[in-house]
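Everything on this sheet refers to the single structure shown next.
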Amino acid sequence: MKWKFWVGIIISGVFLYLAFRKIEFKEVGQAFKDANYLCVVVSGGLMIVSLWARAYRWKYLLSPVKKIGIPSLFSSTMIGFMANNLLPARLGEFVRAYSIGSKENISKSSALATIVIERVFDGFTVLSFLAIVLIFFDFPGWVRKGGYFAFGFFMSVLVFLIFLRLHTKKVIRRVDSWLKFLPASARGKLKNILYSFADGLQVLKSSHHLVMVIIFSLAVWLVTVSAFEFAIIAFDLRLPIYAAFVLMVILALGVMIPSSPGFVGTYHYLCIVSLALFAVSKDVALSFSIVAHVSGFIPVTLIGLYYLWRESLSLRDLTSKERI
C-alpha cells in the first residue's frame with residue numbers, strides 16, 4: 001500500500017505544480033477577498049445533501065441483502081467519504097463496506113458489491129450528463145476520449161457483474177481456473193468472497209430497486225451540480241448554466257486518475273482547466289478550486305470523524321487488518 005500512497009503523492013505534486021505555475025498571487029488573494037462566502041457555505045451544505053441522497057440510494061442497493069435505516073447508512077457513507085479524504089487508494093470504499101457490515105451484521109463482501117454497483121451507476125449518470133451537455137457545449141477532444149474510455153470501463157464492469165449474478169458458479173469456476181498458480185487456501189478464500197459478493201448483486205434482478213437507484217443517482221449528481229453552481233455564483237463568474245455541468249463532468253472523470261488522499265492537485269488543476277474553457281483567468285480559477293475543494297473536504301471529513309468516534313472505531317482499526 002505504501003507504493004500506492006507515494007505514487008498518488010507524486011501525481012498530486014505534478015498537478016499542484018501545473019495548478020500553481022505562472023500564478024499571480026495578488027490576483028488570487030483578491031479573488032479570495034471578493035468571494036461570497038455565504039454561497040460557499042450553501043455549496044458545502046449541498047455536498048452533504050448529495051451524500052444523504054447517496055445513503056438513500058444505498059438503501060435500495062442493500063435492501064435485497066437487508067433492510068437498513070437511513071441514519072445507519074448515512075453514518076457509514078460519511079465515514080467512507082471521510083476515509084477517501086484521508087487515506088490513499090480509495091480505501092474509503094472498503095472502510096464504508098466494513099462500517100456497515102459490522103453495524104448491521106451483513107457480509108462485508110456483499111456490502112462492497114453494492115458500492116461497486118453504486119460507482120457503476122455514478123459513471124453512467126455522469127456520462128449521460130456528458131452526452132446531454134454535448135448538445136450545448138463542444139468539449140475538448142481529451143474529454144470526449146476520457147468519456148469513451150470511461151464508458152468502456154463501466155460497461156465492462158457492469159457486464160461482469162451481470163454475469164456474476166446470473167451465472168455465479170460458472171464465473172467463479174472460471175476465475176478459479178485462471179488463478180491456479182495461487183495456493184488452494186487463497187483460492188478458496190477468494191471463492192467465498194466472490195459468493196458473498198454475488199449475494200450483494202441481488203439488486204440487479206429487481207426492476208423496482210433499479211428504477212429507484214437510477215432516480216437517486218440522478219438526484220446525487222443534480223445536487224452536486226447545484227453545489228458547483230453556488231460556488232460559481234460565489235465568485236461572480238457569470239457563466240452559462242451548463243458550465244456547472246461541464247465542471248462536474250470533467251472533475252468526475254478526472255478524479256479517476258490516481259492521486260493523493262482527497263484528490264489534492266488533480267481536483268485543483270481540473271477546476272482550472274474546466275473554467276479556462278469559459279475564459280476564466282487561471283488566478284481566479286485557482287481561488288475557486290481551493291475554496292470549492294475546502295468547502296466539501298472540511299465538513300465531510302469532520303462529520304465522518306464524528307461518526308467514526310461515535311461508533312468507537314479508528315482509521316487504524318479499519319485499515320490495519322484484513323476486513324473484506
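Chain lettering (A, B, ...) mirrors the order of the C-alpha cells, residue numbering begins at 1 for each chain separately, and ligand numbering begins at 1 in order of display.
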
* Asked: Leaving out Ile215 in chain A and any residue of its chain fewer than 2 positions from it, which residues lie within 12 Å of it when counting only C-alpha atoms, given as a list of chain:residue names?
  -> A:Ala53, A:Arg54, A:Tyr56, A:Arg57, A:Trp58, A:Tyr60, A:Phe121, A:Asp122, A:Thr125, A:His208, A:His209, A:Leu210, A:Val211, A:Met212, A:Val213, A:Ser217, A:Leu218, A:Ala219, A:Val220, A:Trp221, A:Leu222

* Asked: Any idea what's packed within 12 Å of Tyr269 in chain A, counting only C-alpha atoms, ignoring anything in its chain fewer than 4 positions away? Could you give it as number ranges by chain?
  -> A: 11-21, 247, 250-251, 254-255, 263-265, 273-276, 282-283, 285-290, 293

* Asked: Arg144 in chain A: which residues within 12 Å, counting only C-alpha atoms, same-chain residues fewer than 5 positions away excluded, as a ChimeraX atom specification?
  -> /A:127,130-131,133-134,137-139,149-151,246,249-250,253

* If you run DSSP on the backbone, which residues of range 27-268 of chain A are alpha helix (DSSP H), as a ChimeraX atom specification? -> /A:27-34,37-62,70-86,92-104,108-133,141-166,168-178,184-199,207-234,243-254,266-268

* A:Ile257, A:Ala113, A:Ser107, A:Arg310: which is nearest Ile9 in chain A, counting only C-alpha atoms? -> A:Ile257

Could you build a table of the residues in range 217-323 of chain A lying no more than 12 Å from range 27-49 of chain A, giving for each the nearest pair of atoms and their separation in Å rounded to one decimal place, using only C-alpha atoms, ordered by chain and ascending residue number, as CSV?
```
residue,atom,partner,partner_atom,distance
A:Ala219,CA,A:Val49,CA,9.8
A:Val220,CA,A:Val49,CA,8.2
A:Trp221,CA,A:Met47,CA,9.8
A:Leu222,CA,A:Leu46,CA,10.1
A:Val223,CA,A:Leu46,CA,6.4
A:Thr224,CA,A:Met47,CA,6.1
A:Val225,CA,A:Leu46,CA,9.2
A:Ser226,CA,A:Leu46,CA,7.3
A:Ala227,CA,A:Ser43,CA,4.3
A:Phe228,CA,A:Ser43,CA,6.7
A:Glu229,CA,A:Ser43,CA,7.8
A:Phe230,CA,A:Ser43,CA,5.4
A:Ala231,CA,A:Val40,CA,5.6
A:Ile232,CA,A:Cys39,CA,8.8
A:Ile233,CA,A:Cys39,CA,7.0
A:Ala234,CA,A:Asn36,CA,4.5
A:Phe235,CA,A:Ala35,CA,5.0
A:Asp236,CA,A:Ala35,CA,7.6
A:Leu237,CA,A:Ala35,CA,10.2
A:Val280,CA,A:Ala31,CA,11.8
A:Ser281,CA,A:Glu27,CA,9.6
A:Lys282,CA,A:Val28,CA,8.8
A:Asp283,CA,A:Val28,CA,5.1
A:Val284,CA,A:Ala31,CA,5.8
A:Ala285,CA,A:Val28,CA,8.5
A:Leu286,CA,A:Val28,CA,7.1
A:Ser287,CA,A:Val28,CA,5.6
A:Phe288,CA,A:Ala31,CA,8.1
A:Ser289,CA,A:Phe32,CA,10.8
A:Ile290,CA,A:Phe32,CA,9.4
A:Val291,CA,A:Val40,CA,7.5
A:Ala292,CA,A:Val40,CA,7.3
A:His293,CA,A:Gly44,CA,9.1
A:Val294,CA,A:Gly44,CA,8.5
A:Ser295,CA,A:Gly44,CA,4.8
A:Gly296,CA,A:Gly44,CA,5.1
A:Phe297,CA,A:Gly44,CA,8.5
A:Ile298,CA,A:Gly44,CA,8.8
A:Pro299,CA,A:Gly44,CA,7.2
A:Val300,CA,A:Ile48,CA,7.0
A:Thr301,CA,A:Ile48,CA,10.7
A:Leu302,CA,A:Ile48,CA,11.4
A:Ile303,CA,A:Ile48,CA,9.4
A:Gly304,CA,A:Ile48,CA,10.9
```

Restricting it to N, CA and C atoms, dump the selection as a CSV table (one decimal), in the first residue's frame.
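Written file, part-v8.csv:
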```csv
chain,number,residue,atom,x,y,z
A,219,ALA,N,-30.5,12.2,-8.7
A,219,ALA,CA,-30.6,13.2,-7.6
A,219,ALA,C,-29.2,13.5,-7.0
A,220,VAL,N,-28.3,12.5,-6.8
A,220,VAL,CA,-27.0,12.7,-6.3
A,220,VAL,C,-26.2,13.7,-7.1
A,221,TRP,N,-26.3,13.5,-8.5
A,221,TRP,CA,-25.4,14.4,-9.3
A,221,TRP,C,-26.1,15.7,-9.6
A,222,LEU,N,-27.4,15.8,-9.6
A,222,LEU,CA,-28.0,17.1,-9.8
A,222,LEU,C,-27.8,18.0,-8.6
A,223,VAL,N,-27.8,17.4,-7.4
A,223,VAL,CA,-27.4,18.2,-6.2
A,223,VAL,C,-26.0,18.6,-6.3
A,224,THR,N,-25.1,17.7,-6.7
A,224,THR,CA,-23.7,18.0,-6.9
A,224,THR,C,-23.5,19.2,-7.8
A,225,VAL,N,-24.2,19.2,-9.0
A,225,VAL,CA,-24.1,20.3,-9.9
A,225,VAL,C,-24.6,21.6,-9.3
A,226,SER,N,-25.6,21.5,-8.5
A,226,SER,CA,-26.1,22.7,-7.8
A,226,SER,C,-25.1,23.2,-6.9
A,227,ALA,N,-24.3,22.4,-6.2
A,227,ALA,CA,-23.2,22.8,-5.3
A,227,ALA,C,-22.2,23.6,-6.1
A,228,PHE,N,-21.8,23.1,-7.3
A,228,PHE,CA,-20.9,23.8,-8.1
A,228,PHE,C,-21.4,25.1,-8.6
A,229,GLU,N,-22.7,25.1,-8.9
A,229,GLU,CA,-23.3,26.4,-9.4
A,229,GLU,C,-23.3,27.5,-8.3
A,230,PHE,N,-23.5,27.1,-7.0
A,230,PHE,CA,-23.4,28.1,-5.9
A,230,PHE,C,-21.9,28.5,-5.8
A,231,ALA,N,-21.0,27.6,-6.0
A,231,ALA,CA,-19.5,28.0,-5.9
A,231,ALA,C,-19.2,29.0,-7.1
A,232,ILE,N,-19.8,28.8,-8.2
A,232,ILE,CA,-19.6,29.7,-9.4
A,232,ILE,C,-20.2,31.1,-9.0
A,233,ILE,N,-21.4,31.1,-8.4
A,233,ILE,CA,-22.0,32.3,-8.0
A,233,ILE,C,-21.2,33.0,-7.0
A,234,ALA,N,-20.6,32.3,-6.1
A,234,ALA,CA,-19.8,32.9,-5.0
A,234,ALA,C,-18.6,33.7,-5.6
A,235,PHE,N,-18.1,33.3,-6.7
A,235,PHE,CA,-17.0,34.1,-7.3
A,235,PHE,C,-17.5,35.0,-8.5
A,236,ASP,N,-18.8,35.1,-8.6
A,236,ASP,CA,-19.4,36.1,-9.5
A,236,ASP,C,-18.9,35.9,-10.9
A,237,LEU,N,-18.8,34.6,-11.3
A,237,LEU,CA,-18.2,34.3,-12.6
A,237,LEU,C,-19.1,34.5,-13.8
A,280,VAL,N,-12.2,31.9,-17.9
A,280,VAL,CA,-11.9,32.4,-16.5
A,280,VAL,C,-10.4,32.4,-16.3
A,281,SER,N,-9.9,33.4,-15.8
A,281,SER,CA,-8.4,33.5,-15.6
A,281,SER,C,-7.9,32.4,-14.7
A,282,LYS,N,-6.7,32.0,-14.8
A,282,LYS,CA,-6.1,31.0,-14.0
A,282,LYS,C,-6.1,31.4,-12.6
A,283,ASP,N,-5.8,32.7,-12.3
A,283,ASP,CA,-5.7,33.1,-10.9
A,283,ASP,C,-7.1,33.0,-10.2
A,284,VAL,N,-8.1,33.4,-10.8
A,284,VAL,CA,-9.5,33.3,-10.2
A,284,VAL,C,-9.9,31.8,-10.1
A,285,ALA,N,-9.5,31.0,-11.2
A,285,ALA,CA,-9.9,29.6,-11.2
A,285,ALA,C,-9.2,28.9,-10.1
A,286,LEU,N,-7.9,29.2,-9.8
A,286,LEU,CA,-7.2,28.6,-8.7
A,286,LEU,C,-7.9,28.9,-7.4
A,287,SER,N,-8.3,30.2,-7.2
A,287,SER,CA,-9.0,30.5,-5.9
A,287,SER,C,-10.3,29.7,-5.8
A,288,PHE,N,-11.0,29.7,-6.9
A,288,PHE,CA,-12.3,28.9,-7.0
A,288,PHE,C,-12.0,27.5,-6.6
A,289,SER,N,-11.0,26.8,-7.1
A,289,SER,CA,-10.7,25.4,-6.9
A,289,SER,C,-10.4,25.2,-5.4
A,290,ILE,N,-9.6,26.1,-4.8
A,290,ILE,CA,-9.3,25.9,-3.4
A,290,ILE,C,-10.5,26.0,-2.5
A,291,VAL,N,-11.3,27.0,-2.8
A,291,VAL,CA,-12.5,27.2,-1.9
A,291,VAL,C,-13.5,26.1,-2.1
A,292,ALA,N,-13.7,25.7,-3.4
A,292,ALA,CA,-14.7,24.6,-3.7
A,292,ALA,C,-14.2,23.3,-3.0
A,293,HIS,N,-12.9,23.1,-3.1
A,293,HIS,CA,-12.4,21.8,-2.5
A,293,HIS,C,-12.5,21.8,-1.0
A,294,VAL,N,-12.2,22.9,-0.4
A,294,VAL,CA,-12.2,23.0,1.1
A,294,VAL,C,-13.7,23.0,1.6
A,295,SER,N,-14.6,23.6,0.8
A,295,SER,CA,-16.0,23.6,1.3
A,295,SER,C,-16.6,22.2,1.3
A,296,GLY,N,-16.1,21.3,0.5
A,296,GLY,CA,-16.6,20.0,0.6
A,296,GLY,C,-15.7,19.1,1.5
A,297,PHE,N,-14.4,19.3,1.5
A,297,PHE,CA,-13.5,18.5,2.2
A,297,PHE,C,-13.7,18.6,3.7
A,298,ILE,N,-13.8,19.8,4.2
A,298,ILE,CA,-13.8,20.0,5.7
A,298,ILE,C,-15.1,19.5,6.3
A,299,PRO,N,-16.3,19.8,5.8
A,299,PRO,CA,-17.5,19.3,6.5
A,299,PRO,C,-17.6,17.8,6.4
A,300,VAL,N,-17.2,17.2,5.2
A,300,VAL,CA,-17.3,15.8,5.1
A,300,VAL,C,-16.3,15.1,6.0
A,301,THR,N,-15.1,15.6,6.1
A,301,THR,CA,-14.1,15.0,7.0
A,301,THR,C,-14.5,15.1,8.5
A,302,LEU,N,-15.0,16.3,8.9
A,302,LEU,CA,-15.4,16.4,10.3
A,302,LEU,C,-16.6,15.6,10.7
A,303,ILE,N,-17.6,15.5,9.8
A,303,ILE,CA,-18.8,14.7,10.1
A,303,ILE,C,-18.4,13.2,10.1
A,304,GLY,N,-17.6,12.8,9.1
A,304,GLY,CA,-17.1,11.4,9.1
A,304,GLY,C,-16.3,11.1,10.3
```

* When you draw a straight line from CA of Ala97 in chain A to CA of Tyr307 in chain A, how long is it in Å? ->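 CA of Tyr307 in chain A lies at a distance of 14.6 Å from CA of Ala97 in chain A.
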
* Point out the residue among A:Phe136, A:Met256, A:Pro88, A:Ile193 with the least atom-to-atom distance to Pro240 in chain A, counting only C-alpha atoms. =>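 Looking at the shortest contact to Pro240 in chain A, the residue is A:Phe136.
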
* Structure fact -> Shortest contact to Ile162 in chain A, candidates A:Gly200, A:Pro71, A:Gly8, A:Pro183, atoms counted only C-alpha atoms, goes to A:Gly200
